[in-house]
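S.K.: My structure is in model28.txt, and what it holds is compact mmCIF, C-alpha atoms (C1' of nucleotides):
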```txt
# COMPACT_ATOMS: atom_id res chain seq x y z
CA MET W 263 0.00 0.00 0.00
CA PRO W 264 1.23 3.48 -0.80
CA LYS W 265 2.48 4.99 2.42
CA LYS W 266 2.85 8.28 0.62
CA ALA W 267 -0.87 8.67 0.09
CA THR W 268 -1.84 8.06 3.69
CA GLN W 269 0.82 10.42 5.00
CA ARG W 270 -0.27 12.99 2.50
CA ALA W 271 -3.81 12.69 3.78
CA ASN W 272 -2.60 12.94 7.35
CA ALA W 273 -0.61 16.07 6.62
CA LEU W 274 -3.57 17.52 4.78
CA SER W 275 -5.97 17.31 7.71
CA LYS W 276 -3.48 18.95 10.03
CA ILE W 277 -2.88 21.70 7.52
CA GLN W 278 -6.61 22.28 7.17
CA ALA W 279 -6.92 22.68 10.93
CA HIS W 280 -4.01 25.10 10.83
CA LEU W 281 -5.57 27.18 8.06
CA LEU W 282 -8.90 27.32 9.87
CA LYS W 283 -7.20 28.49 13.03
CA THR W 284 -4.72 31.00 11.64
CA GLY W 285 -6.16 31.96 8.25
CA LEU W 286 -3.99 32.61 5.25
CA ALA W 287 -1.38 34.50 7.23
CA ALA W 288 1.09 31.63 7.54
CA THR W 289 1.05 29.81 4.22
CA GLY W 290 4.79 29.41 3.61
CA VAL W 291 5.94 25.87 2.85
CA ARG W 292 7.99 25.76 6.04
CA GLN W 293 5.06 26.97 8.14
CA LEU W 294 2.62 24.57 6.52
CA ALA W 295 5.10 21.74 7.07
CA ALA W 296 5.51 22.71 10.71
CA ALA W 297 1.74 22.70 11.11
CA ALA W 298 1.67 19.19 9.68
CA GLY W 299 4.50 18.12 11.96
CA ILE W 300 6.85 17.22 9.11
CA SER W 301 9.80 18.77 7.32
CA ASP W 302 9.28 21.05 4.35
CA ARG W 303 11.25 18.51 2.35
CA MET W 304 8.60 15.89 3.02
CA LEU W 305 5.71 18.26 2.44
CA LEU W 306 7.01 18.81 -1.06
CA TYR W 307 7.44 15.10 -1.43
CA TYR W 308 3.80 14.43 -0.68
CA PHE W 309 2.64 17.39 -2.76
CA ASP W 310 3.75 18.78 -6.10
CA ASP W 311 4.29 22.29 -4.84
CA LYS W 312 2.86 24.91 -2.54
CA THR W 313 -0.14 25.56 -4.76
CA ASP W 314 -0.95 21.87 -4.74
CA VAL W 315 -0.98 21.87 -0.93
CA LEU W 316 -3.25 24.88 -0.67
CA GLU W 317 -5.57 23.71 -3.39
CA ALA W 318 -6.02 20.32 -1.76
CA ALA W 319 -6.48 21.78 1.70
CA LEU W 320 -8.87 24.53 0.71
CA SER W 321 -10.97 22.48 -1.65
CA GLY W 322 -11.32 19.94 1.15
CA ILE W 323 -12.54 22.65 3.48
CA SER W 324 -14.84 23.92 0.78
CA ALA W 325 -16.31 20.43 0.42
CA ASN W 326 -16.84 20.29 4.19
CA VAL W 327 -18.70 23.58 4.07
CA ILE W 328 -21.07 22.29 1.41
CA MET W 329 -21.47 19.09 3.40
CA THR W 330 -22.24 20.95 6.60
CA LEU W 331 -24.86 22.97 4.81
CA SER W 332 -26.57 20.01 3.22
CA THR W 333 -26.66 17.91 6.37
CA ALA W 334 -27.97 20.81 8.42
CA VAL W 335 -31.23 20.90 6.47
CA PRO W 336 -33.15 18.00 4.93
CA PRO W 337 -32.88 18.18 1.13
CA ASP W 338 -36.61 18.49 0.55
CA ARG W 339 -37.19 21.15 3.17
CA ARG W 340 -38.26 24.54 1.76
CA MET W 341 -38.67 27.70 3.70
CA SER W 342 -39.28 31.40 3.46
CA ALA W 343 -36.44 33.84 2.90
CA SER W 344 -36.85 34.96 6.50
CA GLU W 345 -36.46 31.47 7.93
CA LEU W 346 -33.59 30.74 5.61
CA ILE W 347 -31.57 33.79 6.49
CA GLU W 348 -31.99 33.02 10.16
CA MET W 349 -30.86 29.46 9.71
CA ALA W 350 -27.94 30.41 7.46
CA ALA W 351 -26.82 33.10 9.89
CA ASN W 352 -26.91 30.62 12.74
CA LEU W 353 -24.77 28.20 10.79
CA THR W 354 -22.24 30.61 9.38
CA ARG W 355 -21.78 32.68 12.50
CA GLY W 356 -21.67 29.83 14.99
CA GLU W 357 -19.07 27.22 15.83
CA ALA W 358 -20.10 25.15 12.85
CA MET W 359 -18.70 27.49 10.23
CA GLY W 360 -17.32 30.66 11.80
CA ALA W 361 -13.69 29.87 11.07
CA GLU W 362 -14.58 28.70 7.59
CA MET W 363 -16.29 31.98 6.79
CA ARG W 364 -13.30 34.01 7.87
CA LEU W 365 -11.05 31.86 5.74
CA PHE W 366 -13.50 32.21 2.91
CA VAL W 367 -13.30 36.00 3.04
CA GLU W 368 -9.54 35.78 2.82
CA CYS W 369 -9.87 33.54 -0.21
CA VAL W 370 -12.16 36.01 -1.90
CA ALA W 371 -9.66 38.80 -1.29
CA ALA W 372 -6.88 36.68 -2.73
CA ALA W 373 -9.19 35.89 -5.62
CA ALA W 374 -9.65 39.61 -6.18
CA ARG W 375 -5.98 39.77 -7.09
CA GLN W 376 -6.20 36.62 -9.22
CA GLU W 377 -3.95 34.55 -7.00
CA LYS W 378 -3.97 30.83 -7.50
CA PRO W 379 -5.63 28.69 -6.29
CA TYR W 380 -7.86 31.04 -4.37
CA GLU W 381 -9.95 32.19 -7.29
CA MET W 382 -11.23 28.69 -7.87
CA ILE W 383 -11.90 27.97 -4.20
CA ALA W 384 -13.76 31.21 -3.61
CA LYS W 385 -15.96 30.56 -6.61
CA GLN W 386 -16.57 26.98 -5.47
CA ILE W 387 -17.80 27.97 -2.02
CA MET W 388 -19.86 30.84 -3.39
CA GLU W 389 -21.59 28.66 -5.97
CA GLY W 390 -22.17 25.84 -3.50
CA PHE W 391 -23.79 28.26 -1.12
CA LEU W 392 -25.93 29.70 -3.86
CA ILE W 393 -27.18 26.27 -4.89
CA TRP W 394 -28.00 25.42 -1.29
CA ILE W 395 -29.98 28.62 -0.80
CA ASP W 396 -31.79 28.20 -4.09
CA ALA W 397 -32.72 24.62 -3.25
CA HIS W 398 -34.35 25.56 0.04
CA LEU W 399 -36.11 28.75 -0.94
CA ASP W 400 -39.87 28.50 -1.00
CA ILE W 401 -40.35 30.59 -4.12
CA ASP W 402 -41.92 29.16 -7.27
CA ASP W 403 -40.88 31.70 -9.87
CA VAL W 404 -37.38 30.70 -10.98
CA ALA W 405 -36.07 34.17 -11.79
CA GLU W 406 -37.38 35.58 -8.56
CA ARG W 407 -35.92 32.69 -6.58
CA LYS W 408 -32.50 33.08 -8.17
CA ALA W 409 -32.51 36.82 -7.54
CA THR W 410 -33.57 36.34 -3.93
CA ALA W 411 -30.89 33.70 -3.47
CA ALA W 412 -28.23 36.09 -4.75
CA MET W 413 -29.46 38.76 -2.38
CA LEU W 414 -29.50 36.43 0.62
CA LEU W 415 -26.01 35.20 -0.14
CA ALA W 416 -24.77 38.78 -0.37
CA LEU W 417 -26.39 39.45 2.97
CA ILE W 418 -24.74 36.45 4.64
CA ASP W 419 -21.31 37.27 3.22
CA GLY W 420 -21.71 40.91 4.10
CA ILE W 421 -22.52 40.07 7.69
CA ALA W 422 -19.33 38.00 7.88
CA LEU W 423 -17.41 41.03 6.62
CA LEU W 424 -19.16 43.32 9.06
CA GLU W 425 -18.25 41.10 11.98
CA ILE W 426 -14.61 40.93 10.99
CA CYS W 427 -14.34 44.72 10.97
CA THR W 428 -16.58 45.66 13.87
CA ASP W 429 -18.15 43.20 16.29
CA GLN W 430 -20.80 40.54 16.72
CA VAL W 431 -23.28 43.03 18.10
CA ARG W 432 -23.51 44.73 14.75
CA GLY W 433 -23.86 41.32 13.14
CA ASN W 434 -26.78 40.51 15.41
CA MET W 435 -28.45 43.77 14.52
CA ALA W 436 -28.09 43.10 10.83
CA VAL W 437 -29.47 39.57 11.15
CA GLU W 438 -32.44 40.69 13.20
CA ALA W 439 -33.24 43.53 10.82
CA ALA W 440 -33.08 41.15 7.89
CA VAL W 441 -35.29 38.54 9.53
CA LYS W 442 -37.87 41.14 10.45
CA LEU W 443 -37.85 42.71 7.04
CA LEU W 444 -38.17 39.44 5.17
CA ASP W 445 -40.90 38.15 7.42
CA MET M 235 10.38 75.02 1.75
CA PRO M 236 10.54 71.33 2.53
CA LYS M 237 11.06 69.55 -0.73
CA LYS M 238 10.68 66.27 1.13
CA ALA M 239 7.04 66.91 2.00
CA THR M 240 5.95 67.78 -1.51
CA GLN M 241 7.74 64.81 -3.02
CA ARG M 242 6.24 62.59 -0.36
CA ALA M 243 2.81 63.85 -1.33
CA ASN M 244 3.57 63.30 -4.98
CA ALA M 245 4.73 59.74 -4.37
CA LEU M 246 1.67 59.13 -2.25
CA SER M 247 -0.84 59.98 -4.94
CA LYS M 248 0.91 57.77 -7.47
CA ILE M 249 0.99 54.93 -4.96
CA GLN M 250 -2.71 55.36 -4.28
CA ALA M 251 -3.45 55.10 -7.98
CA HIS M 252 -1.29 51.99 -8.10
CA LEU M 253 -3.09 50.36 -5.19
CA LEU M 254 -6.47 51.12 -6.68
CA LYS M 255 -5.42 49.59 -9.97
CA THR M 256 -3.57 46.50 -8.77
CA GLY M 257 -4.90 45.91 -5.26
CA LEU M 258 -2.72 44.70 -2.44
CA ALA M 259 -0.89 42.18 -4.61
CA ALA M 260 2.21 44.32 -5.19
CA THR M 261 2.94 46.07 -1.92
CA GLY M 262 6.67 45.45 -1.64
CA VAL M 263 8.78 48.55 -1.04
CA ARG M 264 10.49 48.15 -4.40
CA GLN M 265 7.19 47.77 -6.20
CA LEU M 266 5.61 50.71 -4.43
CA ALA M 267 8.68 52.79 -5.23
CA ALA M 268 8.50 51.76 -8.88
CA ALA M 269 4.84 52.77 -8.95
CA ALA M 270 5.82 56.17 -7.57
CA GLY M 271 8.61 56.47 -10.12
CA ILE M 272 11.37 56.68 -7.53
CA SER M 273 13.96 54.39 -5.97
CA ASP M 274 13.13 52.31 -2.92
CA ARG M 275 15.87 54.22 -1.16
CA MET M 276 13.95 57.45 -1.65
CA LEU M 277 10.60 55.95 -0.75
CA LEU M 278 12.03 55.04 2.63
CA TYR M 279 13.48 58.51 2.89
CA TYR M 280 10.08 60.13 2.46
CA PHE M 281 8.38 57.57 4.70
CA ASP M 282 9.39 55.93 7.96
CA ASP M 283 8.86 52.40 6.73
CA LYS M 284 6.59 50.28 4.60
CA THR M 285 3.73 50.42 7.09
CA ASP M 286 3.92 54.20 7.07
CA VAL M 287 3.53 54.21 3.29
CA LEU M 288 0.54 51.92 3.28
CA GLU M 289 -1.14 53.63 6.17
CA ALA M 290 -0.83 57.03 4.54
CA ALA M 291 -1.96 55.77 1.15
CA LEU M 292 -4.90 53.73 2.40
CA SER M 293 -6.17 56.24 4.89
CA GLY M 294 -6.08 58.81 2.08
CA ILE M 295 -8.17 56.53 -0.08
CA SER M 296 -10.49 55.88 2.83
CA ALA M 297 -10.96 59.62 3.26
CA ASN M 298 -11.76 59.93 -0.44
CA VAL M 299 -14.40 57.24 -0.12
CA ILE M 300 -16.12 59.06 2.72
CA MET M 301 -15.84 62.30 0.74
CA THR M 302 -17.36 60.72 -2.36
CA LEU M 303 -20.24 59.43 -0.33
CA SER M 304 -20.99 62.71 1.37
CA THR M 305 -20.78 64.81 -1.79
CA ALA M 306 -22.99 62.39 -3.69
CA VAL M 307 -25.97 63.11 -1.49
CA PRO M 308 -26.94 66.41 0.17
CA PRO M 309 -26.40 66.10 3.95
CA ASP M 310 -30.04 66.76 4.84
CA ARG M 311 -31.51 64.40 2.30
CA ARG M 312 -33.28 61.39 3.82
CA MET M 313 -34.68 58.46 1.94
CA SER M 314 -36.20 55.03 2.26
CA ALA M 315 -34.05 51.92 2.62
CA SER M 316 -35.03 51.00 -0.91
CA GLU M 317 -33.88 54.29 -2.41
CA LEU M 318 -30.74 54.22 -0.34
CA ILE M 319 -29.65 50.75 -1.35
CA GLU M 320 -30.17 51.64 -4.99
CA MET M 321 -28.12 54.79 -4.67
CA ALA M 322 -25.37 53.09 -2.67
CA ALA M 323 -25.19 50.23 -5.14
CA ASN M 324 -24.87 52.69 -8.01
CA LEU M 325 -22.03 54.45 -6.26
CA THR M 326 -20.08 51.44 -5.04
CA ARG M 327 -20.46 49.37 -8.18
CA GLY M 328 -19.83 52.12 -10.69
CA GLU M 329 -16.72 53.99 -11.77
CA ALA M 330 -16.92 56.22 -8.72
CA MET M 331 -15.95 53.54 -6.22
CA GLY M 332 -15.59 50.15 -7.87
CA ALA M 333 -11.82 49.94 -7.45
CA GLU M 334 -12.09 51.26 -3.91
CA MET M 335 -14.53 48.53 -2.96
CA ARG M 336 -12.25 45.80 -4.25
CA LEU M 337 -9.35 47.28 -2.34
CA PHE M 338 -11.57 47.53 0.70
CA VAL M 339 -12.37 43.83 0.59
CA GLU M 340 -8.66 43.07 0.49
CA CYS M 341 -8.15 45.29 3.51
CA VAL M 342 -10.85 43.48 5.43
CA ALA M 343 -9.23 40.14 4.64
CA ALA M 344 -5.87 41.45 5.81
CA ALA M 345 -7.63 42.79 8.87
CA ALA M 346 -8.99 39.31 9.53
CA ARG M 347 -5.43 38.18 10.13
CA GLN M 348 -4.62 41.26 12.20
CA GLU M 349 -2.11 42.69 9.77
CA LYS M 350 -1.10 46.28 10.20
CA PRO M 351 -2.27 48.78 9.16
CA TYR M 352 -5.20 47.13 7.45
CA GLU M 353 -7.26 46.53 10.56
CA MET M 354 -7.53 50.26 11.19
CA ILE M 355 -8.31 51.15 7.58
CA ALA M 356 -11.00 48.52 7.19
CA LYS M 357 -12.70 49.68 10.35
CA GLN M 358 -12.43 53.29 9.22
CA ILE M 359 -14.18 52.70 5.92
CA MET M 360 -16.80 50.45 7.48
CA GLU M 361 -17.67 52.97 10.18
CA GLY M 362 -17.71 55.87 7.73
CA PHE M 363 -20.08 53.98 5.53
CA LEU M 364 -22.30 53.11 8.46
CA ILE M 365 -22.53 56.73 9.53
CA TRP M 366 -23.39 57.80 6.02
CA ILE M 367 -26.17 55.24 5.72
CA ASP M 368 -27.53 56.07 9.14
CA ALA M 369 -27.58 59.78 8.35
CA HIS M 370 -29.65 59.34 5.22
CA LEU M 371 -32.10 56.72 6.37
CA ASP M 372 -35.66 57.94 6.75
CA ILE M 373 -36.40 56.01 9.94
CA ASP M 374 -37.29 57.76 13.18
CA ASP M 375 -36.70 55.02 15.71
CA VAL M 376 -32.99 55.05 16.52
CA ALA M 377 -32.56 51.34 17.24
CA GLU M 378 -34.46 50.36 14.14
CA ARG M 379 -32.47 52.80 12.03
CA LYS M 380 -29.15 51.50 13.34
CA ALA M 381 -30.17 47.90 12.73
CA THR M 382 -31.38 48.69 9.23
CA ALA M 383 -28.14 50.55 8.52
CA ALA M 384 -26.10 47.53 9.59
CA MET M 385 -28.17 45.31 7.35
CA LEU M 386 -27.87 47.61 4.35
CA LEU M 387 -24.12 47.86 4.81
CA ALA M 388 -23.84 44.08 4.96
CA LEU M 389 -25.85 43.90 1.77
CA ILE M 390 -23.62 46.38 -0.05
CA ASP M 391 -20.43 44.69 1.07
CA GLY M 392 -21.82 41.27 0.27
CA ILE M 393 -22.68 42.36 -3.23
CA ALA M 394 -19.10 43.51 -3.71
CA LEU M 395 -17.93 40.08 -2.59
CA LEU M 396 -20.41 38.34 -4.85
CA GLU M 397 -19.20 40.29 -7.87
CA ILE M 398 -15.57 39.50 -7.17
CA CYS M 399 -16.29 35.78 -7.13
CA THR M 400 -18.92 35.47 -9.81
CA ASP M 401 -20.02 38.28 -12.13
CA GLN M 402 -21.89 41.54 -12.37
CA VAL M 403 -25.06 39.80 -13.53
CA ARG M 404 -25.43 38.18 -10.14
CA GLY M 405 -24.74 41.55 -8.55
CA ASN M 406 -27.53 43.11 -10.57
CA MET M 407 -29.91 40.39 -9.51
CA ALA M 408 -29.08 40.91 -5.86
CA VAL M 409 -29.53 44.68 -6.11
CA GLU M 410 -32.85 44.39 -7.89
CA ALA M 411 -34.16 41.83 -5.43
CA ALA M 412 -33.13 44.06 -2.54
CA VAL M 413 -34.71 47.16 -4.01
CA LYS M 414 -37.97 45.33 -4.70
CA LEU M 415 -38.05 43.76 -1.28
CA LEU M 416 -37.35 46.98 0.58
CA ASP M 417 -39.83 48.99 -1.43
C1' DC U 77 33.23 80.90 0.43
C1' DC U 78 32.72 77.70 3.83
C1' DA U 79 30.09 74.95 7.02
C1' DA U 80 25.93 72.65 8.01
C1' DC U 81 22.06 70.55 6.38
C1' DT U 82 19.07 68.15 3.00
C1' DT U 83 18.72 65.09 -0.67
C1' DT U 84 20.08 61.10 -3.51
C1' DG U 85 22.74 56.95 -5.58
C1' DT U 86 25.30 52.49 -4.82
C1' DA U 87 25.72 48.62 -2.52
C1' DG U 88 24.59 45.32 0.46
C1' DC U 89 22.94 42.79 4.82
C1' DA U 90 20.29 39.46 7.18
C1' DG U 91 16.19 37.13 6.82
C1' DT U 92 12.63 34.72 4.14
C1' DT U 93 10.64 32.62 -0.04
C1' DG U 94 9.69 28.29 -3.01
C1' DC U 95 12.13 24.63 -4.36
C1' DT U 96 15.96 21.10 -5.44
C1' DA U 97 20.38 18.36 -5.73
C1' DC U 98 22.60 14.83 -3.34
C1' DA U 99 23.17 11.27 -0.31
C1' DC U 100 21.52 7.53 2.19
C1' DA U 101 18.22 4.34 3.90
C1' DT U 102 14.60 1.03 3.56
C1' DA U 103 11.45 -1.83 1.14
C1' DT U 104 9.92 -4.51 -2.75
C1' DA U 105 10.58 -7.38 -7.13
C1' DC U 106 12.68 -11.00 -9.59
C1' DG S 6 20.82 -11.46 -3.67
C1' DT S 7 20.91 -7.93 -6.38
C1' DA S 8 18.37 -4.32 -8.71
C1' DT S 9 14.78 -1.04 -8.60
C1' DA S 10 11.46 1.76 -6.42
C1' DT S 11 10.12 4.35 -2.54
C1' DG S 12 11.02 7.13 1.29
C1' DT S 13 13.73 10.77 4.22
C1' DG S 14 17.46 13.89 6.10
C1' DT S 15 21.04 17.67 5.13
C1' DA S 16 22.28 21.33 2.80
C1' DG S 17 21.79 24.88 -0.07
C1' DC S 18 20.51 27.91 -4.22
C1' DA S 19 18.67 31.96 -6.40
C1' DA S 20 15.28 35.25 -5.83
C1' DC S 21 13.08 38.18 -2.95
C1' DT S 22 11.84 40.78 1.59
C1' DG S 23 12.30 45.24 4.46
C1' DC S 24 15.73 48.09 5.56
C1' DT S 25 20.39 50.57 6.18
C1' DA S 26 25.44 52.08 6.04
C1' DC S 27 28.27 54.93 3.38
C1' DA S 28 29.38 58.36 0.55
C1' DA S 29 28.61 61.95 -2.60
C1' DA S 30 26.12 65.69 -4.43
C1' DG S 31 23.24 69.74 -4.06
C1' DT S 32 21.31 73.58 -1.24
C1' DT S 33 21.26 76.92 2.16
C1' DG S 34 22.63 80.32 5.96
C1' DG S 35 26.43 82.94 7.94
```
Since I need it in another form, could you write the structure as structure tokens?
M.R.:
Amino acid sequence: MPKKATQRANALSKIQAHLLKTGLAATGVRQLAAAAGISDRMLLYYFDDKTDVLEAALSGISANVIMTLSTAVPPDRRMSASELIEMAANLTRGEAMGAEMRLFVECVAAAARQEKPYEMIAKQIMEGFLIWIDAHLDIDDVAERKATAAMLLALIDGIALLEICTDQVRGNMAVEAAVKLLD
Amino acid sequence: MPKKATQRANALSKIQAHLLKTGLAATGVRQLAAAAGISDRMLLYYFDDKTDVLEAALSGISANVIMTLSTAVPPDRRMSASELIEMAANLTRGEAMGAEMRLFVECVAAAARQEKPYEMIAKQIMEGFLIWIDAHLDIDDVAERKATAAMLLALIDGIALLEICTDQVRGNMAVEAAVKLLD
DNA sequence: CCAACTTTGTAGCAGTTGCTACACATATAC
DNA sequence: GTATATGTGTAGCAACTGCTACAAAGTTGG
């Protein structure tokens, strides 16, 4: 059996934990290797290069995010925009996905400057989220549902941004205002 | 007369243009100096260090953003949330502030990892925006107005994020849905 | 005109970056 | 058992980072 593959997987999960905890601040090969508990030499033995590491780690996290979303709500469950925003806010702002959202914002920023592999990852999470919202929105008209989904996603992402810059209080206010308005 | 001060100011404006065009991707001292058309040696003669350069440049841009906002709408003009979101979206997504918003997102991401001086700048812009929204919202109840302002700001920022990751079409959809909903 | 001060170029340091060459070990294949 | 593939440590390279020492040139006040 290929020892390489299992050790690669092992390193990967440690690196994902590291990224979720510290964000994209420490993404040097030596720092990633240290987080995985191995030498940089071995990190680059398990992976092609730095981009390969980050791509694997982040797309794994992205998959987890989608997974978390889809297991949190039964696939056939539909709800109003008001209910949905409340549920989404609870998920994204709580322990379930708080770290992921922060990391996601950093990916989007890196995507803004066309850095690899962040562009792809940011898009992936964004699209996954959009599909999830769309699937659970209780709106028949397709165009209206898609537009509402885009708006709700913007709202969720914006609240994450708001909380990074200010505090959770302001986030609460925004969520409550949105729930009340949409109700 | 202090030649240093004027040349510092000159370098600063060129660096601001550079940042607005290329984002935070090229913020090395040599690259900033090149953007200003001077040697890195001189850049660090006009400024204390790299942080000093970025702080001066970004806080200047931040001031411009606030200025743009306040000159775009007469100070005593109040409007509904619907009108306001439409106006804000026009400003932030158009030529007036598009580049600034992208840069702002990058600052927030850098702020998320507590990098200097981005934390301060991101907060500055966010607060300025919040004040502007609050001042023009036609809602009497203070708590409700503050909550609505937070929500609208989240919406605007979220739309910026959405457009970075996907496209302007999705941004349009989100804006239209928001305007219709708030109306 | 000379001394003091401001401005500028050349060169480079010490640290980090992503990555690799080389050597050696261990395991597997025949 | 010998050859081939897989794994791992040591060392280091070339490019880059922010920053600075040194020296020379220009500018100014007396």
S.K.: To one decimal place in Å, what is the distance between atom CA of W:Ile277 and atom CA of W:Val315?
M.R.: 8.7 Å
S.K.: Can you work out which residues from chain S touch chain M at a cut-off of 12 Å (counting all atoms listed in the file) and hand them back as a list in words?
M.R.: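 Using all atoms listed in the file, chain S residues at most 12 Å from chain M: DC21, DT22, DG23, DC24, DT25, DT32 and DT33 of chain S.
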S.K.: Could you please determine the separation between atom CA of M:Gly362 and atom CA of M:Gln402 in Å, to one decimal place?
M.R.: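 Taking atom CA of M:Gly362 and atom CA of M:Gln402, their separation equals 25.0 Å.
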S.K.: What residues in chain U lie within 12 Å of chain M, counting all atoms listed in the file, written as a list in words?
M.R.: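 Every residue meeting the condition is included here: DT82, DT83, DT84, DG85, DT86 and DA87 of chain U.
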S.K.: At most 9 Å is the cut-off: for each residue in chain W with any atom that close to an atom of chain M, write down the nearest atom pair and the distance in Å rounded to one decimal, counting all atoms listed in the file, chain first then increasing number, as JSON lines.
M.R.:
```
{"residue": "W:Thr284", "atom": "CA", "partner": "M:Arg347", "partner_atom": "CA", "distance": 7.4}
{"residue": "W:Gly285", "atom": "CA", "partner": "M:Arg347", "partner_atom": "CA", "distance": 6.5}
{"residue": "W:Leu286", "atom": "CA", "partner": "M:Arg347", "partner_atom": "CA", "distance": 7.5}
{"residue": "W:Ala287", "atom": "CA", "partner": "M:Arg347", "partner_atom": "CA", "distance": 6.2}
{"residue": "W:Arg364", "atom": "CA", "partner": "M:Ala346", "partner_atom": "CA", "distance": 7.0}
{"residue": "W:Leu365", "atom": "CA", "partner": "M:Ala343", "partner_atom": "CA", "distance": 8.5}
{"residue": "W:Val367", "atom": "CA", "partner": "M:Ala343", "partner_atom": "CA", "distance": 6.0}
{"residue": "W:Glu368", "atom": "CA", "partner": "M:Ala343", "partner_atom": "CA", "distance": 4.7}
{"residue": "W:Cys369", "atom": "CA", "partner": "M:Ala343", "partner_atom": "CA", "distance": 8.2}
{"residue": "W:Val370", "atom": "CA", "partner": "M:Cys399", "partner_atom": "CA", "distance": 6.7}
{"residue": "W:Ala371", "atom": "CA", "partner": "M:Glu340", "partner_atom": "CA", "distance": 4.7}
{"residue": "W:Ala372", "atom": "CA", "partner": "M:Glu340", "partner_atom": "CA", "distance": 7.4}
{"residue": "W:Ala373", "atom": "CA", "partner": "M:Cys399", "partner_atom": "CA", "distance": 7.3}
{"residue": "W:Ala374", "atom": "CA", "partner": "M:Ile398", "partner_atom": "CA", "distance": 6.0}
{"residue": "W:Arg375", "atom": "CA", "partner": "M:Ala259", "partner_atom": "CA", "distance": 6.2}
{"residue": "W:Gln376", "atom": "CA", "partner": "M:Ala259", "partner_atom": "CA", "distance": 9.0}
{"residue": "W:Glu377", "atom": "CA", "partner": "M:Ala259", "partner_atom": "CA", "distance": 8.6}
{"residue": "W:Glu381", "atom": "CA", "partner": "M:Cys399", "partner_atom": "CA", "distance": 7.3}
{"residue": "W:Met382", "atom": "CA", "partner": "M:Cys399", "partner_atom": "CA", "distance": 8.7}
{"residue": "W:Ala384", "atom": "CA", "partner": "M:Cys399", "partner_atom": "CA", "distance": 6.3}
{"residue": "W:Lys385", "atom": "CA", "partner": "M:Cys399", "partner_atom": "CA", "distance": 5.3}
{"residue": "W:Gln386", "atom": "CA", "partner": "M:Cys399", "partner_atom": "CA", "distance": 9.0}
{"residue": "W:Met388", "atom": "CA", "partner": "M:Cys399", "partner_atom": "CA", "distance": 7.2}
{"residue": "W:Glu389", "atom": "CA", "partner": "M:Thr400", "partner_atom": "CA", "distance": 8.3}
{"residue": "W:Glu406", "atom": "CA", "partner": "M:Ala411", "partner_atom": "CA", "distance": 7.7}
{"residue": "W:Lys408", "atom": "CA", "partner": "M:Met407", "partner_atom": "CA", "distance": 7.9}
{"residue": "W:Ala409", "atom": "CA", "partner": "M:Met407", "partner_atom": "CA", "distance": 4.8}
{"residue": "W:Thr410", "atom": "CA", "partner": "M:Ala411", "partner_atom": "CA", "distance": 5.7}
{"residue": "W:Ala411", "atom": "CA", "partner": "M:Ala408", "partner_atom": "CA", "distance": 7.8}
{"residue": "W:Ala412", "atom": "CA", "partner": "M:Ala408", "partner_atom": "CA", "distance": 5.0}
{"residue": "W:Met413", "atom": "CA", "partner": "M:Ala408", "partner_atom": "CA", "distance": 4.1}
{"residue": "W:Leu414", "atom": "CA", "partner": "M:Ala408", "partner_atom": "CA", "distance": 7.9}
{"residue": "W:Leu415", "atom": "CA", "partner": "M:Gly392", "partner_atom": "CA", "distance": 7.4}
{"residue": "W:Ala416", "atom": "CA", "partner": "M:Gly392", "partner_atom": "CA", "distance": 3.9}
{"residue": "W:Leu417", "atom": "CA", "partner": "M:Leu389", "partner_atom": "CA", "distance": 4.6}
{"residue": "W:Ile418", "atom": "CA", "partner": "M:Gly392", "partner_atom": "CA", "distance": 7.1}
{"residue": "W:Asp419", "atom": "CA", "partner": "M:Gly392", "partner_atom": "CA", "distance": 5.0}
{"residue": "W:Gly420", "atom": "CA", "partner": "M:Gly392", "partner_atom": "CA", "distance": 3.8}
{"residue": "W:Ile421", "atom": "CA", "partner": "M:Ala388", "partner_atom": "CA", "distance": 5.0}
{"residue": "W:Ala422", "atom": "CA", "partner": "M:Ala388", "partner_atom": "CA", "distance": 8.1}
{"residue": "W:Leu423", "atom": "CA", "partner": "M:Val342", "partner_atom": "CA", "distance": 7.1}
{"residue": "W:Leu424", "atom": "CA", "partner": "M:Ala388", "partner_atom": "CA", "distance": 6.3}
{"residue": "W:Ile426", "atom": "CA", "partner": "M:Ala346", "partner_atom": "CA", "distance": 6.0}
{"residue": "W:Cys427", "atom": "CA", "partner": "M:Lys357", "partner_atom": "CA", "distance": 5.3}
{"residue": "W:Thr428", "atom": "CA", "partner": "M:Lys357", "partner_atom": "CA", "distance": 6.6}
{"residue": "W:Arg432", "atom": "CA", "partner": "M:Ala384", "partner_atom": "CA", "distance": 6.4}
{"residue": "W:Gly433", "atom": "CA", "partner": "M:Ala384", "partner_atom": "CA", "distance": 7.5}
{"residue": "W:Asn434", "atom": "CA", "partner": "M:Ala381", "partner_atom": "CA", "distance": 8.6}
{"residue": "W:Met435", "atom": "CA", "partner": "M:Ala381", "partner_atom": "CA", "distance": 4.8}
{"residue": "W:Ala436", "atom": "CA", "partner": "M:Met385", "partner_atom": "CA", "distance": 4.1}
{"residue": "W:Val437", "atom": "CA", "partner": "M:Met385", "partner_atom": "CA", "distance": 7.0}
{"residue": "W:Glu438", "atom": "CA", "partner": "M:Ala381", "partner_atom": "CA", "distance": 7.6}
{"residue": "W:Ala439", "atom": "CA", "partner": "M:Ala381", "partner_atom": "CA", "distance": 5.7}
{"residue": "W:Ala440", "atom": "CA", "partner": "M:Met385", "partner_atom": "CA", "distance": 6.5}
{"residue": "W:Leu443", "atom": "CA", "partner": "M:Leu416", "partner_atom": "CA", "distance": 7.8}
{"residue": "W:Leu444", "atom": "CA", "partner": "M:Leu415", "partner_atom": "CA", "distance": 7.8}
```
